[in-house]
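Participant: Take this structure first; my questions come after.
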Amino acid sequence: MSNGPGAGIPAVSTAILAMSRHLEVRDVLKTIVASARELLDAEYAALGVPDDHGGFAQFVVDGVSAEQWKAIGPLPRQHGILAAMLHKATPERLADVREDPRFGGWPAAHPDMSDFLGLPVADGDEILGALFLANKRCPKPTGGCGFTEEDERLLGILAQHAAIALTNARLYERSRELTIAGERARLAHELHDAVSQKLFSLRLTAQAATALVDRDPARAKDELHQVAALAAEAADELRAAVVELRPAALDEDGLVATLRSQAQVLDRAHSARVTFTAQGIRALPNAQEEAMLRVAQEALHNALRHSGAGRVEVSLTRFGQGALLRIADDGCGFDTRVVRRAGRHLGLVSMRDRASGVGGTLTVESEPGTGTTVEMEVPGG
């Protein structure tokens, strides 16, 4: 840049702050990474957001083509220099990343990198991710790093923007979780009422059967059959209440069983018919299964609370080495052209972030009066 790398920072800073009010968090992170690469004149830039399983929930890159990224393979693990930035909140400026004792190599298709600048993305003492650049486009000082202290300062400003975007996303997700928790409490209350009604009917029917035993044994027998039927229904309602009150147990039950049980609970608690089918599903990485479950829950919440649907169909099918989740309803639908404005209300921002965070894609098809179909595809592991 002719005016020096610092000249464009105020404009980029203002632009990112403005974008963060309207765009999904992954779009903001992409802008931050692309801006960092351009302003500091590097070949490669990336930002990683760690998950709880030793990998990354999101990994945004710039300077690597889609074909290159596909050839590189799975997302990196938290090790070496990345782990140092994530665990110790330590900035890293290296003359040659390959010569660092913590360097553990990279896949064959990975681009070759030498000088390296990385900063943790933090909110106070909490580390949210890592932002880093490689291969400064400039003559390198002998035995030194092309990236300067000024570069580190400028990257720090962009890291602060990334922290704001990630913190906002976390706060929004927390508000969605509270909404879902409230919905679960409401469902549990409805199920409790349903069980209470069944037990009340059971008690009255048993009393009637007792009064008829001596004078009308045939009618008493009919009443006792009704007692048995009501008892079975009450048992089903109790099982549904237990499932609803118990957190989803992906580790113990797996994605298929968890989705099936949640569909059964929702089918009982709502007037809409909720169905679930699965075909050819193989085990997926933990992060992908969790993301699919959360997307399904969000889409079901929308269908049952906002669309007025009479039928909601959930399906999970094998798709190559991965899986395709589909939630389709026959409700009122909406205009996808205004999805940006409706996105936060319907949780579409959260769903898209979950999908992209595990390497998947999310599509939404809807028109007013024709229902809505949400599809999430993940690549598998």
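In the structure tokens, the first chain shown is A, the next is B, and so on; residue numbers restart at 1 for each chain, and ligands run from 1 in the order shown.
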Can you write out as a Markdown table which residues of stretch 229-318 of chain A fall within 7 Å of stretch 322-333 of chain A, alongside each residue's closest atom pair and its distance in Å to one decimal, counting only C-alpha atoms and ordering rows by chain and ascending residue number?

Facilitator:
```
| residue | atom | partner | partner_atom | distance |
| --- | --- | --- | --- | --- |
| A:Ile281 | CA | A:Ala323 | CA | 6.9 |
| A:Ala299 | CA | A:Ile327 | CA | 6.8 |
| A:Ala303 | CA | A:Asp329 | CA | 6.4 |
| A:Ser307 | CA | A:Gly331 | CA | 4.6 |
| A:Gly308 | CA | A:Gly331 | CA | 5.1 |
| A:Ala309 | CA | A:Gly331 | CA | 3.8 |
| A:Gly310 | CA | A:Asp330 | CA | 6.4 |
| A:Arg311 | CA | A:Asp329 | CA | 5.8 |
| A:Val312 | CA | A:Asp329 | CA | 4.4 |
| A:Glu313 | CA | A:Ala328 | CA | 5.3 |
| A:Val314 | CA | A:Ile327 | CA | 4.6 |
| A:Ser315 | CA | A:Arg326 | CA | 5.2 |
| A:Leu316 | CA | A:Leu325 | CA | 4.6 |
| A:Thr317 | CA | A:Leu324 | CA | 5.3 |
| A:Arg318 | CA | A:Ala323 | CA | 4.5 |
```

Participant: The selected residues should be written to file as a CSV table (one decimal), in the first residue's frame (atoms: N, CA and C atoms).

Facilitator:
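In the end it all went to selection-v2.csv:
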```csv
chain,number,residue,atom,x,y,z
A,281,ILE,N,-26.9,-43.9,8.2
A,281,ILE,CA,-26.1,-42.9,8.9
A,281,ILE,C,-24.9,-43.7,9.6
A,299,ALA,N,-34.2,-25.2,14.1
A,299,ALA,CA,-35.2,-25.3,13.0
A,299,ALA,C,-36.6,-25.8,13.5
A,303,ALA,N,-40.2,-23.9,13.4
A,303,ALA,CA,-41.3,-24.5,12.7
A,303,ALA,C,-42.5,-24.6,13.7
A,307,SER,N,-44.2,-20.9,12.6
A,307,SER,CA,-44.7,-21.1,11.2
A,307,SER,C,-46.2,-21.6,11.2
A,308,GLY,N,-46.8,-22.0,12.3
A,308,GLY,CA,-48.1,-22.5,12.3
A,308,GLY,C,-48.2,-23.8,11.5
A,309,ALA,N,-47.2,-24.6,11.5
A,309,ALA,CA,-47.1,-25.8,10.7
A,309,ALA,C,-48.0,-26.9,11.3
A,310,GLY,N,-48.6,-27.7,10.4
A,310,GLY,CA,-49.4,-28.9,10.8
A,310,GLY,C,-48.6,-30.1,10.8
A,311,ARG,N,-47.5,-30.1,10.0
A,311,ARG,CA,-46.6,-31.2,9.9
A,311,ARG,C,-45.1,-30.8,9.8
A,312,VAL,N,-44.3,-31.4,10.5
A,312,VAL,CA,-42.8,-31.1,10.5
A,312,VAL,C,-42.1,-32.5,10.3
A,313,GLU,N,-41.3,-32.6,9.2
A,313,GLU,CA,-40.6,-33.8,8.9
A,313,GLU,C,-39.1,-33.6,9.1
A,314,VAL,N,-38.5,-34.4,9.9
A,314,VAL,CA,-37.0,-34.3,10.2
A,314,VAL,C,-36.4,-35.6,9.6
A,315,SER,N,-35.4,-35.5,8.8
A,315,SER,CA,-34.7,-36.7,8.2
A,315,SER,C,-33.2,-36.5,8.3
A,316,LEU,N,-32.5,-37.6,8.5
A,316,LEU,CA,-31.1,-37.6,8.5
A,316,LEU,C,-30.6,-38.8,7.6
A,317,THR,N,-29.9,-38.4,6.5
A,317,THR,CA,-29.5,-39.4,5.6
A,317,THR,C,-28.0,-39.3,5.3
A,318,ARG,N,-27.4,-40.4,4.9
A,318,ARG,CA,-26.0,-40.5,4.5
A,318,ARG,C,-25.8,-39.7,3.2
```

Participant: Just asking: which residues within stretch 62-94 of chain A are strand (DSSP E or B) according to DSSP, as a list in words?

Facilitator: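 The strand (DSSP E or B) subset of stretch 62-94 of chain A is Asp62, Glu92, Arg93 and Leu94 of chain A.
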
Participant: If you run DSSP on the backbone, which residues of stretch 74-266 of chain A are alpha helix (DSSP H), as a VMD selection string?

Facilitator: chain A and resid 80 to 88 149 to 212 217 to 245 250 to 266

Participant: I'd like the contact shell of A:Arg102 - 12 Å cut-off, only C-alpha atoms, skipping same-chain residues fewer than 3 positions apart - returned as a PyMOL selection string.

Facilitator: chain A and resi 78-85+92+94+96-99+105

Participant: Would you put the residues from that selection into a file with C-alpha atoms, as a PDB file, in the first residue's frame?

Facilitator:
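Final output, saved to result.pdb:
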```pdb
ATOM      1  CA  GLN A  78      -4.491 -27.530  18.615  1.00  0.00           C
ATOM      2  CA  HIS A  79      -0.790 -28.258  18.738  1.00  0.00           C
ATOM      3  CA  GLY A  80       2.601 -26.607  18.339  1.00  0.00           C
ATOM      4  CA  ILE A  81       2.649 -22.846  17.911  1.00  0.00           C
ATOM      5  CA  LEU A  82      -1.149 -22.622  17.599  1.00  0.00           C
ATOM      6  CA  ALA A  83      -1.521 -24.296  20.976  1.00  0.00           C
ATOM      7  CA  ALA A  84       1.036 -21.915  22.511  1.00  0.00           C
ATOM      8  CA  MET A  85      -0.982 -18.897  21.381  1.00  0.00           C
ATOM      9  CA  GLU A  92       4.524 -15.164  18.285  1.00  0.00           C
ATOM     10  CA  LEU A  94       9.148 -16.026  14.116  1.00  0.00           C
ATOM     11  CA  ASP A  96      11.022 -19.256  10.199  1.00  0.00           C
ATOM     12  CA  VAL A  97       8.143 -21.227  11.641  1.00  0.00           C
ATOM     13  CA  ARG A  98       9.654 -24.453  10.284  1.00  0.00           C
ATOM     14  CA  GLU A  99      12.712 -24.111  12.520  1.00  0.00           C
ATOM     15  CA  GLY A 105       4.850 -30.272  10.216  1.00  0.00           C
TER      16      GLY A 105
END
```

Participant: Calculated over only C-alpha atoms, which of the candidates A:Val227, A:Gln207, A:Gln321, A:Leu119 has the smallest distance to A:Pro285?

Facilitator: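 Closest to A:Pro285, using only C-alpha atoms: A:Gln321.
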
Participant: List every residue of stretch 94-211 of chain A that has an atom at most 8 Å from any atom of stretch 23-41 of chain A, giving for each one its closest atom pair and the distance in Å to one decimal, counting only C-alpha atoms, sorted by chain and then by ascending residue number, as JSON lines.

Facilitator:
```
{"residue": "A:Leu131", "atom": "CA", "partner": "A:Val33", "partner_atom": "CA", "distance": 7.7}
{"residue": "A:Leu133", "atom": "CA", "partner": "A:Arg37", "partner_atom": "CA", "distance": 6.8}
{"residue": "A:Lys136", "atom": "CA", "partner": "A:Asp41", "partner_atom": "CA", "distance": 6.0}
{"residue": "A:Arg137", "atom": "CA", "partner": "A:Asp41", "partner_atom": "CA", "distance": 5.7}
{"residue": "A:Asp151", "atom": "CA", "partner": "A:Leu40", "partner_atom": "CA", "distance": 6.4}
{"residue": "A:Leu155", "atom": "CA", "partner": "A:Ala36", "partner_atom": "CA", "distance": 6.6}
{"residue": "A:Leu158", "atom": "CA", "partner": "A:Ile32", "partner_atom": "CA", "distance": 6.3}
{"residue": "A:His161", "atom": "CA", "partner": "A:Ile32", "partner_atom": "CA", "distance": 7.6}
{"residue": "A:Ala162", "atom": "CA", "partner": "A:Leu29", "partner_atom": "CA", "distance": 6.3}
{"residue": "A:Ala165", "atom": "CA", "partner": "A:Val25", "partner_atom": "CA", "distance": 6.1}
{"residue": "A:Leu166", "atom": "CA", "partner": "A:Val25", "partner_atom": "CA", "distance": 6.9}
{"residue": "A:Ala169", "atom": "CA", "partner": "A:Val25", "partner_atom": "CA", "distance": 6.5}
```

Participant: Find the residues around A:Arg77 up to 10 Å (only C-alpha atoms counted), leave out those fewer than 6 positions away in its own chain, and share them as number ranges by chain.

Facilitator: A: 50-51, 53-56, 83

Participant: Quick one: of A:Ala45, A:Leu255, A:Val60, A:Met351, who's nearest to A:Leu117, counting only C-alpha atoms?

Facilitator: A:Ala45

Participant: For A:Glu67, which residue among A:Leu284, A:Cys138, A:Ala109, A:Ile164 is the nearest when counting only C-alpha atoms?

Facilitator: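 Checking each of A:Leu284, A:Cys138, A:Ala109, A:Ile164 against A:Glu67, counting only C-alpha atoms, the winner is A:Ala109.
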
Participant: Applying 12 Å and only C-alpha atoms, which residues near A:Gln226 remain after dropping the ones on its own chain fewer than 2 positions away? List them as a list of chain:residue names.

Facilitator: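 Near neighbours after the sequence-gap exclusion: A:Lys198, A:Ser201, A:Leu202, A:Arg203, A:Leu204, A:Thr205, A:Ala206, A:Gln207, A:Ala208, A:Ala209, A:Arg219, A:Ala220, A:Lys221, A:Asp222, A:Glu223, A:Leu224, A:Ala228, A:Ala229, A:Leu230, A:Ala231, A:Ala232, A:Glu233.
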
Participant: Rank nothing, just name the residue among A:Gly129, A:Pro139, A:Gly146, A:Gly254 nearest to A:Ala57, using only C-alpha atoms.

Facilitator: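 Ranked by minimum distance to A:Ala57, first place goes to A:Gly129.
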